[in-house]
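Source file: my_file03.tsv; contents: TSV, C-alpha atoms.
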```tsv
chain	number	residue	atom	x	y	z
A	26	MET	CA	115.92	-23.41	-60.21
A	27	SER	CA	117.43	-21.10	-57.59
A	28	LEU	CA	115.26	-18.59	-55.79
A	29	SER	CA	117.16	-15.60	-57.19
A	30	ASN	CA	116.92	-17.04	-60.69
A	31	PHE	CA	113.13	-17.32	-60.31
A	32	ALA	CA	112.77	-13.59	-59.65
A	33	GLU	CA	115.08	-12.65	-62.51
A	34	ARG	CA	113.24	-14.83	-65.02
A	35	LEU	CA	109.87	-13.59	-63.90
A	36	ILE	CA	110.94	-9.95	-64.26
A	37	GLN	CA	112.37	-10.71	-67.70
A	38	TRP	CA	109.06	-12.25	-68.76
A	39	TYR	CA	107.23	-9.18	-67.43
A	40	THR	CA	109.36	-6.67	-69.32
A	41	GLU	CA	108.59	-8.51	-72.55
A	42	ASN	CA	104.89	-9.27	-72.01
A	43	LYS	CA	103.31	-6.74	-69.63
A	44	ARG	CA	100.14	-4.88	-70.53
A	45	ASP	CA	100.27	-1.11	-70.88
A	46	LEU	CA	98.09	0.07	-67.99
A	47	PRO	CA	97.82	3.69	-66.76
A	48	TRP	CA	98.62	2.96	-63.11
A	49	ARG	CA	101.94	1.46	-64.22
A	50	HIS	CA	103.11	4.89	-65.38
A	51	THR	CA	103.04	6.49	-61.93
A	52	ARG	CA	104.43	6.12	-58.45
A	53	ASP	CA	101.69	8.29	-56.98
A	54	PRO	CA	100.47	6.19	-54.01
A	55	TYR	CA	96.95	7.62	-54.31
A	56	LYS	CA	96.53	6.46	-57.91
A	57	ILE	CA	98.13	3.09	-57.22
A	58	TRP	CA	95.87	2.65	-54.18
A	59	LEU	CA	92.84	3.59	-56.25
A	60	SER	CA	93.73	1.06	-58.95
A	61	GLU	CA	94.28	-1.72	-56.42
A	62	VAL	CA	90.99	-1.06	-54.63
A	63	ILE	CA	89.07	-1.05	-57.92
A	64	LEU	CA	90.76	-4.24	-59.14
A	65	GLN	CA	90.31	-6.25	-55.93
A	66	GLN	CA	87.22	-8.05	-57.26
A	67	THR	CA	87.11	-6.56	-60.75
A	68	ARG	CA	88.75	-7.48	-64.05
A	69	VAL	CA	91.01	-4.91	-65.68
A	70	LYS	CA	88.70	-4.44	-68.67
A	71	GLN	CA	85.75	-3.65	-66.40
A	72	GLY	CA	87.73	-1.61	-63.90
A	73	MET	CA	89.65	0.60	-66.34
A	74	PRO	CA	86.76	3.03	-67.12
A	75	TYR	CA	86.10	3.44	-63.40
A	76	TYR	CA	89.76	4.17	-62.68
A	77	LEU	CA	89.87	6.81	-65.41
A	78	LYS	CA	86.61	8.40	-64.20
A	79	PHE	CA	87.81	8.52	-60.61
A	80	VAL	CA	91.17	10.03	-61.51
A	81	ALA	CA	89.43	12.65	-63.66
A	82	THR	CA	86.83	13.45	-60.99
A	83	TYR	CA	89.06	13.12	-57.93
A	84	PRO	CA	92.68	13.66	-59.08
A	85	THR	CA	94.05	13.79	-55.52
A	86	VAL	CA	93.31	12.15	-52.21
A	87	LYS	CA	92.10	15.53	-50.94
A	88	THR	CA	89.50	15.91	-53.69
A	89	LEU	CA	88.21	12.43	-52.91
A	90	ALA	CA	88.01	13.27	-49.22
A	91	GLU	CA	86.03	16.44	-49.96
A	92	ALA	CA	83.37	14.58	-51.97
A	93	SER	CA	80.20	13.30	-50.30
A	94	GLU	CA	79.79	9.57	-49.79
A	95	GLN	CA	76.73	9.63	-52.06
A	96	GLU	CA	78.77	11.16	-54.89
A	97	VAL	CA	81.49	8.53	-54.47
A	98	LEU	CA	78.97	5.67	-54.43
A	99	ARG	CA	77.25	7.04	-57.53
A	100	LEU	CA	80.56	7.06	-59.43
A	101	TRP	CA	81.27	3.55	-58.13
A	102	GLN	CA	77.85	2.26	-59.24
A	103	GLY	CA	78.18	-0.97	-61.20
A	104	LEU	CA	81.43	-2.19	-59.64
A	105	GLY	CA	79.76	-3.91	-56.69
A	106	TYR	CA	81.36	-4.56	-53.29
A	107	TYR	CA	80.39	-1.05	-52.24
A	108	SER	CA	82.19	-1.33	-48.92
A	109	ARG	CA	85.40	-0.84	-50.93
A	110	ALA	CA	84.24	2.62	-51.98
A	111	ARG	CA	83.05	3.57	-48.49
A	112	ASN	CA	86.32	2.43	-46.92
A	113	MET	CA	88.36	4.26	-49.55
A	114	HIS	CA	86.41	7.45	-48.93
A	115	ALA	CA	86.86	7.14	-45.16
A	116	ALA	CA	90.60	6.50	-45.57
A	117	ALA	CA	90.92	9.53	-47.86
A	118	LYS	CA	89.33	11.68	-45.15
A	119	TYR	CA	91.73	10.25	-42.57
A	120	ILE	CA	94.78	10.96	-44.76
A	121	THR	CA	93.58	14.47	-45.51
A	122	GLU	CA	92.43	15.48	-42.05
A	123	GLU	CA	94.58	13.47	-39.65
A	124	LEU	CA	97.77	13.02	-41.70
A	125	GLU	CA	97.64	16.46	-43.33
A	126	GLU	CA	97.46	14.95	-46.83
A	127	GLN	CA	100.67	12.94	-46.31
A	128	PHE	CA	100.05	9.48	-47.76
A	129	PRO	CA	101.61	6.73	-45.59
A	130	ASP	CA	104.90	5.66	-47.19
A	131	ASN	CA	105.49	2.22	-45.69
A	132	TYR	CA	103.76	-1.13	-45.33
A	133	LYS	CA	103.11	-0.87	-41.59
A	134	ASP	CA	101.46	2.56	-41.73
A	135	LEU	CA	99.48	1.67	-44.85
A	136	LEU	CA	97.88	-1.20	-42.95
A	137	ALA	CA	96.38	1.35	-40.55
A	138	LEU	CA	94.17	2.79	-43.31
A	139	LYS	CA	90.56	1.64	-43.28
A	140	GLY	CA	89.94	-1.13	-45.80
A	141	VAL	CA	93.64	-1.63	-46.60
A	142	GLY	CA	94.70	-5.23	-46.03
A	143	LYS	CA	98.05	-6.97	-46.38
A	144	TYR	CA	97.87	-7.34	-50.14
A	145	THR	CA	96.93	-3.72	-50.89
A	146	ALA	CA	99.47	-2.38	-48.38
A	147	ALA	CA	102.21	-4.50	-49.96
A	148	ALA	CA	101.24	-3.37	-53.46
A	149	ILE	CA	101.34	0.34	-52.57
A	150	ALA	CA	104.52	0.00	-50.49
A	151	SER	CA	106.42	-1.78	-53.25
A	152	PHE	CA	105.02	0.03	-56.32
A	153	SER	CA	105.22	3.55	-54.86
A	154	PHE	CA	108.10	3.33	-52.38
A	155	ASN	CA	110.06	0.26	-53.56
A	156	GLU	CA	109.74	-1.40	-50.15
A	157	THR	CA	110.78	-5.06	-50.15
A	158	VAL	CA	107.49	-6.70	-49.23
A	159	ALA	CA	105.72	-9.42	-51.19
A	160	VAL	CA	102.17	-9.24	-52.53
A	161	VAL	CA	100.03	-12.33	-52.08
A	162	ASP	CA	96.70	-12.51	-53.94
A	163	GLY	CA	94.84	-15.11	-55.96
A	164	ASN	CA	97.23	-14.81	-58.88
A	165	VAL	CA	100.24	-15.26	-56.62
A	166	TYR	CA	98.72	-18.29	-54.89
A	167	ARG	CA	98.14	-19.90	-58.28
A	168	VAL	CA	101.61	-19.21	-59.69
A	169	LEU	CA	103.47	-20.38	-56.60
A	170	ALA	CA	101.26	-23.43	-56.02
A	171	ARG	CA	101.74	-24.64	-59.57
A	172	ILE	CA	105.43	-23.90	-60.10
A	173	PHE	CA	106.54	-25.17	-56.68
A	174	GLY	CA	103.90	-27.92	-56.41
A	175	VAL	CA	102.39	-26.63	-53.16
A	176	GLU	CA	99.27	-28.60	-52.21
A	177	LYS	CA	98.40	-26.74	-49.03
A	178	ASP	CA	94.88	-25.32	-48.79
A	179	ILE	CA	95.00	-21.58	-49.55
A	180	ALA	CA	91.79	-21.08	-47.51
A	181	SER	CA	93.44	-22.42	-44.35
A	182	SER	CA	95.54	-20.40	-41.89
A	183	GLU	CA	98.41	-22.84	-42.28
A	184	GLY	CA	98.32	-22.55	-46.07
A	185	GLN	CA	98.20	-18.76	-45.99
A	186	ARG	CA	101.17	-18.58	-43.63
A	187	TYR	CA	103.14	-20.98	-45.83
A	188	PHE	CA	102.46	-19.01	-49.02
A	189	ALA	CA	103.24	-15.70	-47.31
A	190	LYS	CA	106.62	-17.06	-46.20
A	191	LEU	CA	107.37	-18.51	-49.64
A	192	ALA	CA	106.38	-15.28	-51.39
A	193	GLY	CA	108.55	-13.27	-48.99
A	194	SER	CA	111.56	-15.46	-49.74
A	195	LEU	CA	111.17	-14.96	-53.48
A	196	VAL	CA	110.61	-11.21	-53.77
A	197	SER	CA	113.51	-9.32	-55.34
A	198	SER	CA	115.28	-7.01	-52.88
A	199	LYS	CA	116.63	-4.91	-55.77
A	200	ARG	CA	113.36	-4.42	-57.66
A	201	PRO	CA	110.43	-5.44	-55.44
A	202	ASP	CA	108.14	-3.17	-57.48
A	203	LEU	CA	108.90	-4.95	-60.75
A	204	TYR	CA	108.85	-8.41	-59.15
A	205	ASN	CA	105.43	-7.91	-57.56
A	206	GLN	CA	104.00	-6.50	-60.79
A	207	ALA	CA	105.52	-9.43	-62.65
A	208	ILE	CA	104.13	-12.26	-60.54
A	209	MET	CA	100.66	-10.71	-60.54
A	210	GLU	CA	100.74	-10.17	-64.30
A	211	PHE	CA	102.07	-13.67	-64.91
A	212	GLY	CA	99.11	-15.13	-63.01
A	213	ALA	CA	96.61	-12.82	-64.72
A	214	ILE	CA	97.51	-13.37	-68.36
A	215	HIS	CA	99.73	-16.47	-68.56
A	216	CYS	CA	99.28	-18.86	-65.64
A	217	LYS	CA	95.50	-18.40	-65.77
A	218	PRO	CA	92.97	-20.42	-63.73
A	219	ALA	CA	91.76	-22.21	-66.86
A	220	ASN	CA	93.82	-23.02	-69.93
A	221	PRO	CA	97.21	-21.74	-68.74
A	222	ASP	CA	99.74	-21.34	-71.54
A	223	CYS	CA	102.02	-24.13	-70.30
A	224	MET	CA	103.55	-24.95	-73.69
A	225	PHE	CA	105.18	-21.53	-73.98
A	226	CYS	CA	105.88	-20.97	-70.29
A	227	THR	CA	109.31	-19.77	-69.19
A	228	PHE	CA	109.06	-22.20	-66.25
A	229	ALA	CA	107.74	-25.18	-68.24
A	230	VAL	CA	110.74	-27.41	-67.44
A	231	GLU	CA	110.75	-26.71	-63.69
A	232	CYS	CA	107.01	-26.32	-63.02
A	233	GLU	CA	105.74	-29.10	-60.75
A	234	ALA	CA	102.15	-28.77	-61.97
A	235	GLN	CA	103.25	-29.05	-65.60
A	236	GLN	CA	105.40	-32.11	-64.93
A	237	LYS	CA	102.68	-33.90	-62.93
A	238	GLY	CA	99.58	-32.67	-64.75
A	239	LEU	CA	98.25	-30.82	-61.69
A	240	GLN	CA	97.33	-27.50	-63.31
A	241	ALA	CA	93.59	-28.01	-62.77
A	242	LYS	CA	94.07	-29.08	-59.15
A	243	LEU	CA	96.35	-26.30	-57.97
A	244	PRO	CA	96.00	-24.18	-56.00
A	245	VAL	CA	94.00	-26.21	-53.48
A	246	LYS	CA	91.00	-24.44	-51.99
A	247	LEU	CA	88.79	-26.74	-49.92
A	248	LYS	CA	86.39	-24.24	-48.38
A	249	LYS	CA	83.37	-23.74	-50.61
A	250	VAL	CA	81.30	-20.57	-50.55
A	251	LYS	CA	77.67	-21.26	-49.67
A	252	VAL	CA	75.36	-19.14	-51.77
A	253	LYS	CA	72.04	-18.05	-50.26
A	254	ASP	CA	68.94	-17.37	-52.36
A	255	ARG	CA	66.89	-14.31	-51.38
A	256	TYR	CA	63.56	-13.19	-52.83
A	257	PHE	CA	62.66	-9.50	-53.01
A	258	THR	CA	59.28	-8.15	-54.04
A	259	TYR	CA	59.85	-4.48	-54.85
A	260	PHE	CA	57.09	-1.88	-54.89
A	261	ILE	CA	57.63	0.83	-57.50
A	262	VAL	CA	55.42	3.50	-55.98
A	263	GLU	CA	54.65	6.44	-58.32
A	264	HIS	CA	52.91	9.74	-57.61
A	265	GLN	CA	52.84	12.89	-59.73
A	266	GLU	CA	55.98	12.03	-61.71
A	267	GLN	CA	57.89	10.98	-58.59
A	268	LEU	CA	59.15	7.65	-57.28
A	269	LEU	CA	59.39	6.51	-53.69
A	270	MET	CA	62.92	5.39	-52.74
A	271	LYS	CA	64.83	4.74	-49.55
A	272	GLU	CA	68.46	4.44	-48.53
A	273	ARG	CA	69.61	0.96	-47.52
A	274	GLN	CA	71.05	0.84	-44.02
A	275	SER	CA	74.02	-1.01	-42.55
A	276	GLY	CA	73.85	-4.70	-41.78
A	277	ASP	CA	72.87	-5.90	-45.25
A	278	VAL	CA	73.92	-5.73	-48.88
A	279	TRP	CA	74.09	-2.41	-50.76
A	280	GLN	CA	74.57	-0.20	-47.69
A	281	GLY	CA	74.27	3.46	-48.60
A	282	LEU	CA	72.60	2.76	-51.96
A	283	TYR	CA	68.98	3.52	-52.81
A	284	ASP	CA	66.28	1.08	-53.81
A	285	PHE	CA	62.50	0.76	-53.55
A	286	PRO	CA	60.35	-0.40	-50.63
A	287	LEU	CA	60.37	-4.18	-50.58
A	288	VAL	CA	59.15	-7.30	-48.87
A	289	GLU	CA	61.58	-10.21	-48.57
A	290	SER	CA	60.13	-13.73	-48.52
A	291	ASP	CA	61.32	-17.34	-48.58
A	292	ASN	CA	60.16	-17.66	-52.18
A	293	PHE	CA	57.93	-15.92	-54.69
A	294	SER	CA	54.66	-16.80	-53.04
A	295	ASP	CA	51.29	-15.26	-53.86
A	296	LEU	CA	51.34	-11.48	-54.12
A	297	GLU	CA	48.28	-11.11	-51.88
A	298	LYS	CA	50.17	-12.94	-49.17
A	299	ILE	CA	53.05	-10.48	-49.52
A	300	LEU	CA	50.70	-7.50	-49.25
A	301	GLN	CA	49.27	-8.89	-46.03
A	302	THR	CA	52.65	-8.98	-44.29
A	303	GLY	CA	52.12	-5.46	-43.03
A	304	LEU	CA	53.44	-3.31	-45.87
A	305	THR	CA	51.67	0.05	-45.81
A	306	ILE	CA	50.47	-0.43	-49.38
A	307	GLY	CA	48.45	-3.45	-48.31
A	308	LYS	CA	46.65	-1.52	-45.59
A	309	ILE	CA	45.29	1.33	-47.68
A	310	LYS	CA	42.04	1.24	-49.63
A	311	ASN	CA	42.34	-0.12	-53.15
A	312	THR	CA	40.66	2.99	-54.54
A	313	ASP	CA	43.81	4.94	-53.69
A	314	PHE	CA	45.99	2.78	-55.91
A	315	LEU	CA	46.48	1.20	-59.29
A	316	CYS	CA	48.62	-1.94	-58.91
A	317	ASP	CA	50.35	-4.03	-61.57
A	318	LEU	CA	52.73	-6.96	-61.04
A	319	GLU	CA	55.26	-7.06	-63.86
A	320	ALA	CA	55.88	-10.46	-65.39
A	321	LYS	CA	59.66	-10.27	-65.73
A	322	HIS	CA	61.78	-11.47	-62.83
A	323	TYR	CA	65.37	-10.37	-62.32
A	324	LYS	CA	68.32	-12.25	-60.82
A	325	HIS	CA	71.48	-10.63	-59.49
A	326	VAL	CA	74.37	-12.80	-58.27
A	327	LEU	CA	76.64	-11.57	-55.47
A	328	SER	CA	79.59	-13.42	-53.94
A	329	HIS	CA	77.48	-15.13	-51.26
A	330	GLN	CA	73.93	-14.40	-52.37
A	331	ARG	CA	71.58	-14.71	-55.32
A	332	ILE	CA	68.99	-11.94	-55.29
A	333	HIS	CA	65.73	-12.82	-57.08
A	334	ALA	CA	63.56	-9.77	-57.66
A	335	ARG	CA	60.10	-9.02	-58.98
A	336	PHE	CA	58.50	-5.61	-59.28
A	337	VAL	CA	55.02	-4.35	-58.49
A	338	ARG	CA	54.05	-1.02	-60.05
A	339	VAL	CA	51.89	1.03	-57.69
A	340	LYS	CA	50.35	4.37	-58.62
A	341	VAL	CA	49.18	6.59	-55.75
A	342	ASN	CA	46.24	8.81	-56.68
A	343	GLN	CA	45.82	11.06	-53.66
A	344	ASN	CA	48.21	13.51	-51.97
A	345	PRO	CA	47.32	12.58	-48.37
A	346	THR	CA	47.87	8.93	-49.21
A	347	ALA	CA	51.24	9.73	-50.81
A	348	LYS	CA	52.45	11.48	-47.68
A	349	GLN	CA	51.22	8.64	-45.49
A	350	VAL	CA	52.99	6.00	-47.61
A	351	ALA	CA	56.29	7.89	-47.52
A	352	LYS	CA	56.07	8.41	-43.77
A	353	GLU	CA	55.19	4.84	-42.86
A	354	LEU	CA	57.79	3.34	-45.19
A	355	LYS	CA	60.44	5.81	-44.01
A	356	ALA	CA	61.12	6.71	-47.62
A	357	ARG	CA	61.21	9.87	-49.76
A	358	TRP	CA	59.71	10.99	-53.03
A	359	TYR	CA	62.25	11.73	-55.79
A	360	GLY	CA	61.78	13.27	-59.22
A	361	LYS	CA	63.18	11.71	-62.38
A	362	GLU	CA	66.43	13.71	-62.38
A	363	GLU	CA	66.99	13.01	-58.69
A	364	VAL	CA	66.46	9.27	-59.18
A	365	GLN	CA	69.09	9.23	-61.91
A	366	GLN	CA	71.62	10.88	-59.61
A	367	LEU	CA	71.07	8.55	-56.65
A	368	PRO	CA	73.60	5.70	-56.18
A	369	LYS	CA	71.67	2.49	-56.85
A	370	PRO	CA	72.37	-1.25	-56.93
A	371	VAL	CA	72.96	-2.60	-60.45
A	372	LEU	CA	69.75	-4.60	-60.16
A	373	ILE	CA	67.68	-1.44	-59.61
A	374	ASP	CA	69.50	0.52	-62.29
A	375	LYS	CA	68.93	-2.32	-64.76
A	376	TYR	CA	65.23	-2.43	-63.97
A	377	LEU	CA	64.84	1.31	-64.43
A	378	LYS	CA	66.52	1.11	-67.82
A	379	GLU	CA	64.63	-1.97	-69.00
A	380	ALA	CA	61.13	-1.31	-67.66
A	381	VAL	CA	58.73	-1.88	-70.55
A	382	ASN	CA	56.63	1.16	-69.70
A	383	SER	CA	58.77	4.19	-68.99
A	384	LEU	CA	58.70	5.23	-65.37
A	385	ILE	CA	57.66	8.74	-64.37
```

As structure tokens, what does this structure read like?
Amino acid sequence: MSLSNFAERLIQWYTENKRDLPWRHTRDPYKIWLSEVILQQTRVKQGMPYYLKFVATYPTVKTLAEASEQEVLRLWQGLGYYSRARNMHAAAKYITEELEEQFPDNYKDLLALKGVGKYTAAAIASFSFNETVAVVDGNVYRVLARIFGVEKDIASSEGQRYFAKLAGSLVSSKRPDLYNQAIMEFGAIHCKPANPDCMFCTFAVECEAQQKGLQAKLPVKLKKVKVKDRYFTYFIVEHQEQLLMKERQSGDVWQGLYDFPLVESDNFSDLEKILQTGLTIGKIKNTDFLCDLEAKHYKHVLSHQRIHARFVRVKVNQNPTAKQVAKELKARWYGKEEVQQLPKPVLIDKYLKEAVNSLI
């Protein structure tokens, strides 16, 4: 199989089998960028509603730049990896204010945008401006590793350099946009991680993995992600139909989102022990509060962490106490409508929707 023949056959497969997706009907770099950012760690089925909502709410890069970060995060809620949204918002401001709304039109300049890496820059450059530059993502690693029998570790610097060079040698100079779409689509719906459709593959005869039975072993990725367990005891503090919430700061998960005051511990030890760690609630007379530990525990899995959460309902009875709690916890009281509008982690949103006794 010649290199030129590979590109031609892949493009032919794509024209016959591609999915009809809205971002494939435009060369608008803003919309293509938006779709790529959303789909970085999100499946198409999950990401599609978010793409449509963003395009409807922020149809241009300028309208996105003019929105507040809180509004952007609220619309992003549920997608996870919130740094993607913050970076996209910052880049939109940069394009609008520093570049006078002129979207960068080449791979090199696209890389200068905050949050835009090699893959996203290559996707925008080729899809919008037909620049001959290859995309390399998980789908591309898998397709190339299997068809060409590459056993280099994709998590290693050597492996990444090798695949980048191979991908660059294969990309069509005539239709880089179609080629890049094709190889990504081929990996997404045909050469899948599990149960690839090898029997009806256009490369079945030439594919090294098919000939040697290596589909399950390729691509090689030796570095394993270590997942850390974290235990959060949340305090749902209520007072006169308001809830106490605080914005999460930088340096941890869910930056810029809102959750409840919490105590993190090594495990779910005795509640009294948690209260004695110095949380304001544990220092105030019991007569000021009604406390109730809810039985249900929640688990939320992130890429490198498993968050285990339990919730303690706390009702504040006195106004002076309410002010003191808010001040010492560096939090604010929010009414029901305000709470609904705040950007929140999925875990918190799920709790609010599933709480047995309706909150506020």

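Residues of protein, DNA or RNA having at least one counted atom within 10 Å of (91.3, 8.4, -44.4), given all atoms listed in the file, are Val86, Lys87, Leu89, Ala90, Asn112, Met113, His114, Ala115, Ala116, Ala117, Lys118, Tyr119, Ile120, Thr121, Glu122, Glu123, Leu124, Glu126, Phe128, Ala137, Leu138, Lys139 and Gly140 of chain A.
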
### Query
Of the candidates A:Leu243, A:Ala148, A:Ala92, A:Ile373, which shows the shortest atom-to-atom distance to A:Val175, using only C-alpha atoms?
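Using only C-alpha atoms, A:Val175 sits closest to A:Leu243.
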
#### Entry: Pick from A:His333, A:Lys78, A:Lys378, A:Arg49 nearest to A:Glu210, counting all atoms listed in the file
A:Arg49

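Atom CA of A:Val196 sits 25.7 Å away from atom CA of A:Lys237.
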
#### Entry: All residues 7 Å or closer to A:Gln267, all atoms listed in the file, same chain fewer than 4 positions away omitted, as a PyMOL selection string
chain A and resi 263+358-361+385

### Message
Quick check, in Å to one decimal: how far apart do atom CA of A:Gln343 and atom CA of A:Lys369 lie?
### Response
27.4 Å
